[in-house]
$ cat structure27.txt   # compact mmCIF, C-alpha atoms
# COMPACT_ATOMS: atom_id res chain seq x y z
CA THR A 1207 15.45 8.00 -14.77
CA ALA A 1208 15.40 11.08 -12.53
CA GLU A 1209 16.86 12.27 -9.25
CA SER A 1210 13.49 13.66 -8.13
CA ILE A 1211 10.02 13.51 -9.63
CA GLU A 1212 7.48 16.11 -8.51
CA VAL A 1213 3.95 14.92 -9.27
CA SER A 1214 1.29 17.63 -9.38
CA ALA A 1215 -1.38 15.52 -11.10
CA THR A 1216 -4.28 14.15 -9.07
CA SER A 1217 -4.57 10.96 -11.15
CA LEU A 1218 -2.37 8.77 -13.35
CA SER A 1219 -3.80 5.88 -15.37
CA THR A 1220 -2.38 3.36 -17.82
CA ALA A 1221 -5.79 1.68 -18.15
CA ALA A 1222 -7.35 3.77 -20.93
CA GLY A 1223 -7.98 0.60 -23.00
CA THR A 1224 -8.64 -3.00 -22.12
CA ASP A 1225 -4.92 -3.70 -21.55
CA ALA A 1226 -3.23 -1.62 -18.87
CA GLY A 1227 0.48 -0.84 -19.00
CA ASN A 1228 3.07 -0.90 -16.27
CA LEU A 1229 4.11 2.22 -14.35
CA THR A 1230 7.64 2.70 -13.00
CA PHE A 1231 9.04 5.69 -11.07
CA ASN A 1232 12.85 5.59 -11.12
CA GLY A 1233 13.49 8.58 -8.86
CA ALA A 1234 12.30 9.93 -5.55
CA VAL A 1235 8.67 11.03 -5.82
CA VAL A 1236 7.13 14.09 -4.17
CA LEU A 1237 3.34 14.29 -4.22
CA GLU A 1238 2.25 17.90 -4.63
CA GLU A 1239 -1.40 16.80 -4.56
CA SER A 1240 -3.20 13.67 -3.39
CA LEU A 1241 -2.70 11.12 -6.16
CA VAL A 1242 -4.73 8.17 -7.49
CA ILE A 1243 -2.84 5.68 -9.71
CA THR A 1244 -4.73 3.10 -11.77
CA THR A 1245 -3.20 0.26 -13.80
CA ASP A 1246 -6.25 -1.95 -13.46
CA GLY A 1247 -7.45 -2.73 -17.00
CA THR A 1248 -10.57 -4.55 -18.07
CA SER A 1249 -8.52 -7.34 -19.68
CA THR A 1250 -4.97 -7.19 -18.33
CA ASP A 1251 -3.39 -5.18 -15.53
CA GLY A 1252 -0.04 -3.46 -15.08
CA PHE A 1253 2.39 -3.42 -12.17
CA VAL A 1254 3.39 -0.27 -10.26
CA LEU A 1255 6.99 0.15 -9.13
CA PHE A 1256 8.44 2.97 -7.03
CA ASN A 1257 12.26 2.73 -7.09
CA GLY A 1258 12.86 5.66 -4.72
CA LEU A 1259 11.44 7.54 -1.77
CA VAL A 1260 7.79 8.60 -1.87
CA ASP A 1261 6.97 11.74 0.11
CA SER A 1262 4.25 14.33 0.30
CA GLN A 1263 4.97 17.97 -0.28
CA ALA A 1264 6.15 19.19 3.12
CA THR A 1265 3.41 19.63 5.76
CA GLU A 1266 0.58 18.86 3.29
CA GLY A 1267 0.03 15.17 4.08
CA ASN A 1268 -1.03 14.34 0.53
CA ALA A 1269 -2.61 10.91 0.08
CA LEU A 1270 -1.74 8.05 -2.29
CA THR A 1271 -4.07 5.41 -3.74
CA VAL A 1272 -2.74 2.69 -6.06
CA SER A 1273 -5.01 0.19 -7.84
CA ALA A 1274 -3.18 -2.47 -9.86
CA GLY A 1275 -5.70 -5.29 -10.24
CA ASN A 1276 -3.90 -8.62 -10.03
CA GLU A 1277 -0.44 -7.15 -10.60
CA ASP A 1278 2.19 -6.23 -8.02
CA VAL A 1279 2.76 -2.92 -6.26
CA THR A 1280 6.34 -2.42 -5.03
CA PHE A 1281 7.80 0.32 -2.87
CA VAL A 1282 11.58 -0.15 -2.90
CA ASP A 1283 12.26 2.72 -0.49
CA ALA A 1284 10.46 4.49 2.33
CA LEU A 1285 7.07 6.22 2.16
CA GLY A 1286 6.68 9.49 4.03
CA SER A 1287 10.29 9.38 5.09
CA GLY A 1288 11.45 12.94 5.47
CA GLY A 1289 10.27 14.97 8.44
CA ASP A 1290 7.26 16.92 7.21
CA GLY A 1291 6.98 14.69 4.12
CA TYR A 1292 4.67 12.18 5.78
CA LEU A 1293 1.84 10.99 3.55
CA GLY A 1294 -1.90 11.21 4.04
CA ASP A 1295 -4.01 8.07 3.68
CA VAL A 1296 -2.20 5.31 1.77
CA ILE A 1297 -4.46 2.77 0.03
CA VAL A 1298 -3.13 -0.11 -2.08
CA ASN A 1299 -5.54 -2.30 -4.04
CA SER A 1300 -3.83 -5.36 -5.53
CA THR A 1301 -4.59 -9.06 -5.56
CA GLY A 1302 -0.97 -9.70 -6.45
CA GLN A 1303 1.90 -8.82 -4.12
CA THR A 1304 2.21 -5.51 -2.28
CA LEU A 1305 5.76 -5.02 -1.01
CA PHE A 1306 6.78 -2.31 1.45
CA SER A 1307 10.57 -2.70 1.42
CA ALA A 1308 11.18 0.07 3.95
CA SER A 1309 9.33 2.19 6.49
CA VAL A 1310 5.91 3.81 6.08
CA GLN A 1311 4.80 7.06 7.76
CA SER A 1312 1.29 8.14 6.84
CA ALA A 1313 -2.11 9.14 8.16
CA SER A 1314 -3.40 5.59 7.65
CA LEU A 1315 -2.59 2.45 5.67
CA THR A 1316 -5.09 0.13 3.96
CA THR A 1317 -4.57 -2.88 1.70
CA ASN A 1318 -7.45 -4.72 0.07
CA ALA A 1319 -8.43 -8.39 0.22
CA GLY A 1320 -6.67 -10.89 -2.01
CA GLY A 1321 -2.97 -11.39 -2.61
CA ILE A 1322 -0.26 -10.76 -0.04
CA THR A 1323 1.30 -7.76 1.69
CA ARG A 1324 4.96 -8.05 2.67
CA LEU A 1325 6.34 -5.77 5.39
CA ASN A 1326 10.09 -5.21 5.57
CA GLY A 1327 10.04 -1.97 7.57
CA ASP A 1328 8.20 -0.29 10.41
CA VAL A 1329 4.78 1.27 9.81
CA SER A 1330 3.73 4.38 11.74
CA THR A 1331 0.31 5.97 11.26
CA ALA A 1332 -1.79 8.51 13.09
CA GLY A 1333 -4.93 6.61 12.11
CA ALA A 1334 -5.82 2.99 11.51
CA GLN A 1335 -3.92 0.25 9.75
CA THR A 1336 -6.09 -2.29 7.90
CA TYR A 1337 -4.54 -5.25 6.12
CA GLY A 1338 -7.21 -6.95 4.02
CA ASP A 1339 -4.93 -9.61 2.57
CA ALA A 1340 -2.45 -12.10 3.99
CA VAL A 1341 0.58 -10.43 5.62
CA GLN A 1342 4.15 -11.69 5.56
CA ILE A 1343 6.67 -10.23 8.02
CA ASP A 1344 10.00 -10.07 6.17
CA ASN A 1345 12.02 -8.46 8.97
CA HIS A 1346 11.60 -7.54 12.62
CA VAL A 1347 8.75 -5.04 12.24
CA SER A 1348 6.97 -2.54 14.51
CA LEU A 1349 3.47 -1.23 13.79
CA THR A 1350 2.46 1.96 15.60
CA THR A 1351 -0.70 4.06 15.59
CA THR A 1352 -1.94 7.02 17.61
CA ASN A 1353 -4.79 5.44 19.55
CA SER A 1354 -6.18 3.82 16.39
CA SER A 1355 -6.84 0.21 15.45
CA VAL A 1356 -4.76 -2.37 13.63
CA LEU A 1357 -6.82 -5.00 11.80
CA PHE A 1358 -5.46 -8.10 10.09
CA ALA A 1359 -8.35 -9.53 8.04
CA ASN A 1360 -6.32 -12.56 6.94
CA THR A 1361 -3.30 -14.54 8.11
CA VAL A 1362 -0.02 -13.17 9.47
CA ASP A 1363 3.21 -15.14 9.04
CA SER A 1364 6.93 -14.63 9.21
CA GLN A 1365 8.97 -15.12 6.09
CA ALA A 1366 9.64 -18.85 6.09
CA THR A 1367 12.31 -20.12 8.54
CA GLU A 1368 13.24 -16.58 9.71
CA ALA A 1369 10.98 -16.33 12.79
CA ASN A 1370 10.75 -12.56 12.42
CA SER A 1371 9.25 -10.64 15.32
CA LEU A 1372 6.26 -8.30 15.29
CA THR A 1373 5.66 -5.48 17.78
CA ILE A 1374 2.36 -3.57 17.81
CA SER A 1375 1.63 -0.37 19.76
CA VAL A 1376 -1.76 1.28 19.32
CA GLY A 1377 -2.33 3.21 22.56
CA THR A 1378 -6.05 2.96 23.30
CA GLY A 1379 -6.83 1.41 19.91
CA ASP A 1380 -7.80 -2.22 19.30
CA ILE A 1381 -5.79 -5.02 17.66
CA THR A 1382 -7.60 -7.76 15.73
CA PHE A 1383 -6.07 -10.87 14.19
CA THR A 1384 -8.86 -12.47 12.14
CA GLY A 1385 -6.79 -15.30 10.67
CA ALA A 1386 -4.11 -17.56 12.09
CA VAL A 1387 -0.82 -16.00 13.18
CA GLY A 1388 2.35 -17.93 12.35
CA GLY A 1389 0.40 -20.89 11.05
CA ALA A 1390 2.05 -21.30 7.65
CA THR A 1391 4.74 -23.94 7.12
CA ASP A 1392 7.93 -22.58 8.77
CA GLY A 1393 6.06 -19.27 9.20
CA ALA A 1394 6.01 -19.05 13.00
CA LEU A 1395 6.75 -15.58 14.36
CA GLY A 1396 9.63 -14.81 16.68
CA VAL A 1397 8.41 -12.57 19.51
CA LEU A 1398 4.87 -11.22 19.12
CA THR A 1399 4.74 -8.17 21.39
CA ILE A 1400 1.68 -6.06 22.19
CA SER A 1401 3.22 -2.89 23.61
CA SER A 1402 -0.08 -1.07 24.17
CA ALA A 1403 -3.70 -1.66 23.20
CA ASN A 1404 -7.28 -1.62 24.38
CA ASP A 1405 -8.93 -4.87 23.23
CA VAL A 1406 -6.84 -7.58 21.57
CA THR A 1407 -8.59 -10.35 19.64
CA ALA A 1408 -6.76 -13.28 18.07
CA ALA A 1409 -7.38 -16.78 16.74
CA GLU A 1410 -4.52 -19.29 16.56
CA ILE A 1411 -1.01 -18.04 17.35
CA THR A 1412 2.30 -19.79 16.68
CA ALA A 1413 5.37 -17.91 17.85
CA ALA A 1414 8.49 -18.17 19.96
CA ASN A 1415 7.19 -15.77 22.63
CA LEU A 1416 3.94 -13.90 23.21
CA VAL A 1417 4.30 -10.74 25.30
CA GLN A 1418 1.65 -8.20 26.22
CA GLU A 1419 3.31 -5.28 27.98
CA ASN A 1420 0.27 -3.09 28.53
CA GLY A 1421 -3.46 -3.32 27.93
CA THR A 1422 -6.54 -1.39 29.04
CA GLY A 1423 -9.27 -3.66 27.67
CA THR A 1424 -9.68 -7.39 27.21
CA THR A 1425 -7.45 -9.91 25.47
CA MET A 1426 -9.43 -12.70 23.79
CA LEU A 1427 -7.62 -15.73 22.37
CA GLY A 1428 -10.01 -17.82 20.31
CA GLY A 1429 -7.69 -20.62 19.21
CA VAL A 1430 -4.65 -22.69 20.11
CA VAL A 1431 -1.57 -20.75 21.19
CA THR A 1432 1.69 -22.61 20.45
CA LEU A 1433 4.88 -21.13 21.87
CA SER A 1434 8.44 -22.40 22.01
CA GLY A 1435 9.34 -19.83 24.66
CA ILE A 1436 7.49 -17.63 27.14
CA LEU A 1437 3.99 -16.26 27.63
CA ASP A 1438 4.11 -12.93 29.47
CA PHE A 1439 0.94 -10.93 30.11
CA ASP A 1440 1.17 -7.66 32.02
CA GLY A 1441 -2.09 -6.30 30.61
CA ASN A 1442 -5.65 -7.56 31.00

$ encode --input "structure27.txt" --output "structure tokens"
Amino acid sequence: TAESIEVSATSLSTAAGTDAGNLTFNGAVVLEESLVITTDGTSTDGFVLFNGLVDSQATEGNALTVSAGNEDVTFVDALGSGGDGYLGDVIVNSTGQTLFSASVQSASLTTNAGGITRLNGDVSTAGAQTYGDAVQIDNHVSLTTTNSSVLFANTVDSQATEANSLTISVGTGDITFTGAVGGATDGALGVLTISSANDVTAAEITAANLVQENGTGTTMLGGVVTLSGILDFDGN
């Protein structure tokens, strides 16, 4: 264990052989360089666990890439939490579970296809957010970009029976829901709010309320929209 771990390496790997080991950081992590972590072995994979904050060296915006094969990647605390400690591009490749237990502040956020990404805190990026796998909303979550897109390449659901709400604000960026939203058993969202966007594209939506507060482009709904409450469109 450690109170703070300063990482100056550009790569860490537990996959030197066919069987990869697990990697656990038990203190706050500061990235002094952009870092690539690999626990993706040719035979078996290892999980990656961050038990504390993960920040870049102040003002540097260092990036983080984690590849864990079919094992889990878990962030117990915030990423890019402290003022100038925001991260650069964050990329997580896992066909297991990727869990963001707290907030994320980074240049961009990308998860690959396969598995599930669970969001329990707000995500704020200057650039795009791309979720290649299924997404589960574990709390009331806000996703924010600076005029950049948010793409969900798979389904989006609330944690079962919780009806958690999702708010998305992307300025002049686009929002795309490729898969069903709230379609899983007991996975309906609470309030789905589009605070700002250019084009919004969605398939089926199941939620309590659907609210679009502002839009500059076109909203295209390509499937059935099932609401238990209100539909409020102030955009296009």

$ residues_around --input "structure27.txt" --residues "segment 1225-1237 of chain A" --least-positions-apart "6" --cutoff "6 Å" --atoms "all atoms listed in the file" --output "ChimeraX atom specification"
/A:1207-1213,1245,1247,1249-1263

$ closest_residue --input "structure27.txt" --among "A:Leu1305, A:Ala1340, A:Val1417, A:Val1397" --to "Asn1326 of chain A" --atoms "all atoms listed in the file"
A:Leu1305

$ residues_near_point --input "structure27.txt" --point "(1.0, -8.9, 2.8)" --cutoff "7 Å" --atoms "all atoms listed in the file" --output "PDB file with C-alpha atoms, keeping the file's coordinate frame"
ATOM      1  CA  GLN A1303       1.900  -8.820  -4.120  1.00  0.00           C
ATOM      2  CA  THR A1304       2.210  -5.510  -2.280  1.00  0.00           C
ATOM      3  CA  ILE A1322      -0.260 -10.760  -0.040  1.00  0.00           C
ATOM      4  CA  THR A1323       1.300  -7.760   1.690  1.00  0.00           C
ATOM      5  CA  ARG A1324       4.960  -8.050   2.670  1.00  0.00           C
ATOM      6  CA  LEU A1325       6.340  -5.770   5.390  1.00  0.00           C
ATOM      7  CA  ASP A1339      -4.930  -9.610   2.570  1.00  0.00           C
ATOM      8  CA  ALA A1340      -2.450 -12.100   3.990  1.00  0.00           C
ATOM      9  CA  VAL A1341       0.580 -10.430   5.620  1.00  0.00           C
ATOM     10  CA  GLN A1342       4.150 -11.690   5.560  1.00  0.00           C
TER      11      GLN A1342
END

$ atom_distance --input "structure27.txt" --atom1 "atom CA of Asn1420 of chain A" --atom2 "atom CA of Thr1317 of chain A"
27.3 Å

$ atom_distance --input "structure27.txt" --atom1 "atom CA of Thr1316 of chain A" --atom2 "atom CA of Gly1338 of chain A"
7.4 Å

$ atom_distance --input "structure27.txt" --atom1 "atom CA of Gly1396 of chain A" --atom2 "atom CA of Thr1384 of chain A"
19.2 Å
